[in-house]
Amino acid sequence: MAQQAKTAILPTREENYPGWYQQVVKAADMAENSDVRGCMVIKPWGYAIWENIQRILDDKFKETGHVNAYFPLFIPKSFFEKEAEHVEGFAKECAVVTHSRLEDDGNGGLKPAGPLSEELIVRPTSETIIGASFARWVNSYRDLPLLINQWANVVRWELRTRLFLRTAEFLWQEGHTVHATRDEALQETMKILDLYADFAENCLALPVIKGEKTASERFPGAESTFCFEAMMQDKKALQAGTSHFLGQKFAKASEIKFQNKEGKEEYAWTTSWGISTRLIGALIMAHSDDDGLILPPRIAPLHVVIVPIQRNEEEKTLVMDYVTDLCSKLRNTMYHERKLQVKVDEREMRGGDMIWDWIKKGVPIRLEIGPRDVNNNSVFLGRRDKTPKEKANLNKDAFIENVVAILDEIQENLYQKALDFRRENMVSIDDKEEFYRYFTPKNAENPEIHGGFALSHWCGCAECEAKIKEDLSVTIRCLPLDSNPEKGKCIFCGKESERRVIFAKSY
RNA sequence: CGGGAUGUAGCGCAGUCCGGUUAGCGCGUUCGGUUCGGGACCGAAAGGUCGGAAGUUCAAAUCUUCUCAUCCCGACCA
């Protein structure tokens, strides 16, 4: 008899967190490495999650007056050169297209030919190419605000990649807006930040902290960058999305000008903001356990999976009739303005394997239906927010009536669990030695999960920030927006500090 | 891009130090049977040019060089 592991995923989070992460992705069949270095293949189960993220956010963007458009994948090098900080920030990770065709190389292979007169950059972000269009579209104050979003892929030639968290090519959404005044652009920046945070908390069940980035962590070329940060189960921070106030920098670089009401020409004020497939990584690392993925119902591709239990043809007919009826009733149920997604698993597999398959995929509700349920008009229910053994017998009609409430409860449980975890691992630290102890693992060879978010004072100077980063690999994740600033002394140099900031190790 | 590790069947691994018959094991797969409200058991079978290239040798998974990929740590970053 084969030795059965206690958990479906090995290694466990405790044993090897990065290893666990990879196995969860694999076990849930979400994505895999491709033949192209650093690029992933997003498989149907992973892509379905992305489609849900897209659908929900797209609706929110449109509700707030934004419209979608599409801009080229390629950016002429000269466009890129217009904004100095922007160039510096992205130059090291750009893929460059230099030729327009391939020719026979005489050895049975192909070689690039037809060198381009101007080389093209594969977009790492689209501020410059979109800015060129905006310069043509914006002439008068009547053309503003201009609120555009694009769903696209971008390429950043990262040296170290990890599925969903950092890949050379990734999918994202980038909003680009133009405004007549500084205030209006700032308001837009904050409005989107709130929209993102609301989405993260309500749909992804991911508690986040909104804040502003320090100068060193800012988007290259932005005047200010706002972000929302979430805590993963290894207590590291993950920047889940950003919203940038670009001031007039990109407007000046791209010549986005308009005539105001007085007929005078002014540079416009722009913003940009984005979230990416990285959110899926955040989702995985925030909720999943040693049995695999756990999906919050609001974002799950499937809400309910039904596993029929049958031994022979006679039972099969009996069970399938019951299951078909149950399934169609459930499919008529609305869950957050969308039809409940229900699947009957008709694969010819052993029941136990099937159940574990869905546990690893993170489906919120599993129903195991056999002859006994048919006779009792009941369902046998397993919830992904509980242990695999913890199952309940429910009356079928009561279940149908309560399914939305159960899903909402699962959603709330996941959010609360993540929030409790963050609270337990977020501490105020005012002593330098304690700060260093907090972020130093006991086992240097094979570091255990340690640290968390430290709320500490910072004088505001780049030197202290850099020294802490150098010593501990700990960075300032953000200057939180929602706290009442409390004065104190810098954790590193002891100088006056205006506020506590969040220090953490990060992805 | 620096340091470390790994690459052998669909997956997980042993074998490599010390070169030597037909390259093994577990899971999975296929077939047969027994079980079965459950990640089962028994039996049989299929499946590998040992990441790639070049070299050393009578002989290479094993030694040498180069190369590619993946993972971990670091730097960089969403």
# chains A, B, ... in the order shown; residues from 1 in each chain; ligands from 1
>>> select_by_dssp(residues="stretch 278-472 of chain A", states="strand (DSSP E or B)", output="PyMOL selection string")
chain A and resi 289+292+304-308+334-335+338-339+342-344+365-369+378-383+391-395+426-428+453-457
>>> interface_residues(of="chain A", to="chain B", cutoff="6 Å", atoms="only C-alpha atoms (C1' of nucleotides)", output="list of chain:residue names")
A:Gly351, A:Gly352, A:Asp353
>>> residues_around(residues="A:Phe435", least_positions_apart="6", cutoff="10 Å", atoms="only C-alpha atoms (C1' of nucleotides)", output="PyMOL selection string")
chain A and resi 428-429+451+454-456+468+472+491-492+503
>>> write_last_selection(atoms="N, CA and C atoms", output="mmCIF file, in the first residue's frame")
data_model
loop_
_atom_site.group_PDB
_atom_site.id
_atom_site.type_symbol
_atom_site.label_atom_id
_atom_site.label_comp_id
_atom_site.auth_asym_id
_atom_site.auth_seq_id
_atom_site.Cartn_x
_atom_site.Cartn_y
_atom_site.Cartn_z
ATOM 1 N N SER A 428 4.429 47.280 15.750
ATOM 2 C CA SER A 428 5.120 48.560 15.837
ATOM 3 C C SER A 428 6.463 48.323 16.509
ATOM 4 N N ILE A 429 7.532 48.765 15.882
ATOM 5 C CA ILE A 429 8.862 48.597 16.466
ATOM 6 C C ILE A 429 9.547 49.957 16.543
ATOM 7 N N GLY A 451 9.704 37.399 10.468
ATOM 8 C CA GLY A 451 9.420 38.807 10.216
ATOM 9 C C GLY A 451 7.943 39.072 10.006
ATOM 10 N N ALA A 454 6.681 45.680 9.767
ATOM 11 C CA ALA A 454 7.057 46.498 10.925
ATOM 12 C C ALA A 454 6.611 47.932 10.678
ATOM 13 N N LEU A 455 5.830 48.446 11.618
ATOM 14 C CA LEU A 455 5.431 49.850 11.557
ATOM 15 C C LEU A 455 6.450 50.626 12.375
ATOM 16 N N SER A 456 7.319 51.332 11.658
ATOM 17 C CA SER A 456 8.387 52.034 12.365
ATOM 18 C C SER A 456 8.558 53.436 11.809
ATOM 19 N N ILE A 468 19.120 50.213 5.437
ATOM 20 C CA ILE A 468 18.268 49.125 5.944
ATOM 21 C C ILE A 468 18.078 48.062 4.873
ATOM 22 N N LEU A 472 19.360 44.306 5.604
ATOM 23 C CA LEU A 472 18.319 43.308 5.909
ATOM 24 C C LEU A 472 17.471 42.873 4.719
ATOM 25 N N ILE A 491 13.898 54.930 13.088
ATOM 26 C CA ILE A 491 14.365 53.658 13.610
ATOM 27 C C ILE A 491 15.864 53.471 13.369
ATOM 28 N N PHE A 492 16.374 54.117 12.328
ATOM 29 C CA PHE A 492 17.772 53.906 11.982
ATOM 30 C C PHE A 492 18.700 54.993 12.536
ATOM 31 N N PHE A 503 7.672 48.737 6.937
ATOM 32 C CA PHE A 503 8.879 48.056 6.474
ATOM 33 C C PHE A 503 8.564 46.570 6.323
#
>>> residues_around(residues="B:G43", least_positions_apart="3", cutoff="12 Å", atoms="only C-alpha atoms (C1' of nucleotides)", output="list in words")
C31, G32, G33 and U34 of chain B
>>> select_by_dssp(residues="stretch 307-468 of chain A", states="alpha helix (DSSP H)", output="short mmCIF file (atom, residue, chain, number, x, y, z; two decimals) with C-alpha atoms, in the first residue's frame")
data_model
loop_
_atom_site.label_atom_id
_atom_site.label_comp_id
_atom_site.auth_asym_id
_atom_site.auth_seq_id
_atom_site.Cartn_x
_atom_site.Cartn_y
_atom_site.Cartn_z
CA GLU A 313 -25.51 1.40 -14.34
CA GLU A 314 -28.68 1.35 -12.27
CA GLU A 315 -27.24 3.66 -9.64
CA LYS A 316 -25.71 5.81 -12.33
CA THR A 317 -29.11 6.54 -13.87
CA LEU A 318 -30.62 7.22 -10.48
CA VAL A 319 -27.80 9.50 -9.37
CA MET A 320 -27.39 11.32 -12.69
CA ASP A 321 -31.09 12.18 -12.89
CA TYR A 322 -30.90 13.66 -9.42
CA VAL A 323 -27.64 15.46 -10.16
CA THR A 324 -28.88 16.90 -13.47
CA ASP A 325 -31.91 18.36 -11.76
CA LEU A 326 -29.84 19.74 -8.88
CA CYS A 327 -27.34 21.22 -11.31
CA SER A 328 -29.93 23.03 -13.40
CA LYS A 329 -31.55 24.50 -10.29
CA LEU A 330 -28.21 25.73 -9.04
CA ARG A 331 -27.36 27.21 -12.43
CA GLY A 351 -14.34 9.25 -6.41
CA GLY A 352 -11.51 9.97 -4.03
CA ASP A 353 -9.17 11.10 -6.79
CA MET A 354 -11.84 13.33 -8.21
CA ILE A 355 -12.50 14.98 -4.87
CA TRP A 356 -8.81 15.63 -4.27
CA ASP A 357 -8.46 17.00 -7.75
CA TRP A 358 -11.05 19.66 -6.97
CA ILE A 359 -9.60 20.35 -3.55
CA LYS A 360 -6.26 21.10 -5.22
CA LYS A 361 -8.02 23.36 -7.71
CA PRO A 371 -27.78 6.90 -4.00
CA ARG A 372 -28.16 7.67 -0.31
CA ASP A 373 -28.61 11.38 -1.10
CA VAL A 374 -31.12 10.57 -3.79
CA ASN A 375 -33.17 8.60 -1.26
CA ASN A 376 -32.88 11.25 1.45
CA LYS A 396 -31.08 19.46 -0.95
CA ASP A 397 -33.66 22.23 -1.12
CA ALA A 398 -32.19 23.93 1.92
CA PHE A 399 -28.81 23.83 0.23
CA ILE A 400 -30.13 25.36 -2.98
CA GLU A 401 -31.75 28.08 -0.95
CA ASN A 402 -28.59 28.76 1.05
CA VAL A 403 -25.87 28.29 -1.53
CA VAL A 404 -25.33 32.02 -2.01
CA ALA A 405 -25.15 32.55 1.74
CA ILE A 406 -22.65 29.71 2.09
CA LEU A 407 -20.45 31.18 -0.64
CA ASP A 408 -20.61 34.59 0.98
CA GLU A 409 -19.62 33.00 4.27
CA ILE A 410 -16.63 31.31 2.63
CA GLN A 411 -15.64 34.61 1.04
CA GLU A 412 -15.87 36.37 4.39
CA ASN A 413 -13.98 33.60 6.19
CA LEU A 414 -11.09 33.82 3.75
CA TYR A 415 -10.91 37.58 4.08
CA GLN A 416 -11.06 37.42 7.85
CA LYS A 417 -8.42 34.71 8.02
CA ALA A 418 -6.05 36.74 5.85
CA LEU A 419 -6.78 39.85 7.88
CA ASP A 420 -6.14 38.06 11.19
CA PHE A 421 -2.88 36.72 9.81
CA ARG A 422 -1.75 40.20 8.82
CA ARG A 423 -2.75 41.64 12.19
CA GLU A 424 -0.79 38.95 14.01
CA LYS A 432 16.73 49.53 16.24
CA GLU A 433 18.07 46.29 17.70
CA GLU A 434 14.63 44.83 17.96
CA PHE A 435 14.03 45.87 14.36
CA TYR A 436 17.16 44.02 13.22
CA ARG A 437 16.24 40.95 15.28
CA TYR A 438 12.74 40.96 13.82
CA ALA A 462 17.15 57.96 1.24
CA GLU A 463 20.35 57.02 3.10
CA CYS A 464 18.56 55.36 6.04
CA GLU A 465 16.23 53.60 3.63
CA ALA A 466 19.16 52.32 1.56
CA LYS A 467 21.16 51.15 4.58
CA ILE A 468 18.27 49.13 5.94
#
>>> atom_distance(atom1="atom CA of A:Arg298", atom2="atom CA of A:His336")
7.7 Å
>>> atom_distance(atom1="atom CA of A:Val379", atom2="atom CA of A:Pro301")
21.6 Å
>>> residues_around(residues="A:Arg123", least_positions_apart="5", cutoff="8 Å", atoms="only C-alpha atoms (C1' of nucleotides)", output="number ranges by chain")
A: 73-75, 94, 154-155
>>> write_last_selection(atoms="N, CA and C atoms", output="compact mmCIF listing (two decimals), in the first residue's frame")
# COMPACT_ATOMS: atom_id res chain seq x y z
N LEU A 73 2.03 47.17 -29.85
CA LEU A 73 2.95 46.40 -29.02
C LEU A 73 4.35 47.01 -29.07
N PHE A 74 4.67 47.63 -30.22
CA PHE A 74 6.03 48.16 -30.44
C PHE A 74 6.10 49.66 -30.18
N ILE A 75 7.19 50.05 -29.58
CA ILE A 75 7.41 51.47 -29.32
C ILE A 75 8.71 51.89 -29.99
N CYS A 94 14.47 45.82 -21.48
CA CYS A 94 13.70 45.94 -22.71
C CYS A 94 14.09 44.90 -23.76
N VAL A 154 2.65 42.90 -21.79
CA VAL A 154 3.87 43.70 -21.82
C VAL A 154 5.05 42.78 -21.55
N VAL A 155 6.23 43.26 -21.91
CA VAL A 155 7.43 42.44 -21.74
C VAL A 155 8.47 43.21 -20.92
>>> residues_around(residues="A:Lys261", least_positions_apart="5", cutoff="12 Å", atoms="only C-alpha atoms (C1' of nucleotides)", output="MDAnalysis selection string")
chainID A and resid 139:144 180 266
>>> residues_around(residues="A:Asp482", least_positions_apart="6", cutoff="10 Å", atoms="only C-alpha atoms (C1' of nucleotides)", output="PyMOL selection string")
chain A and resi 209-211
>>> atom_distance(atom1="atom CA of A:His176", atom2="atom CA of A:Phe90")
18.1 Å
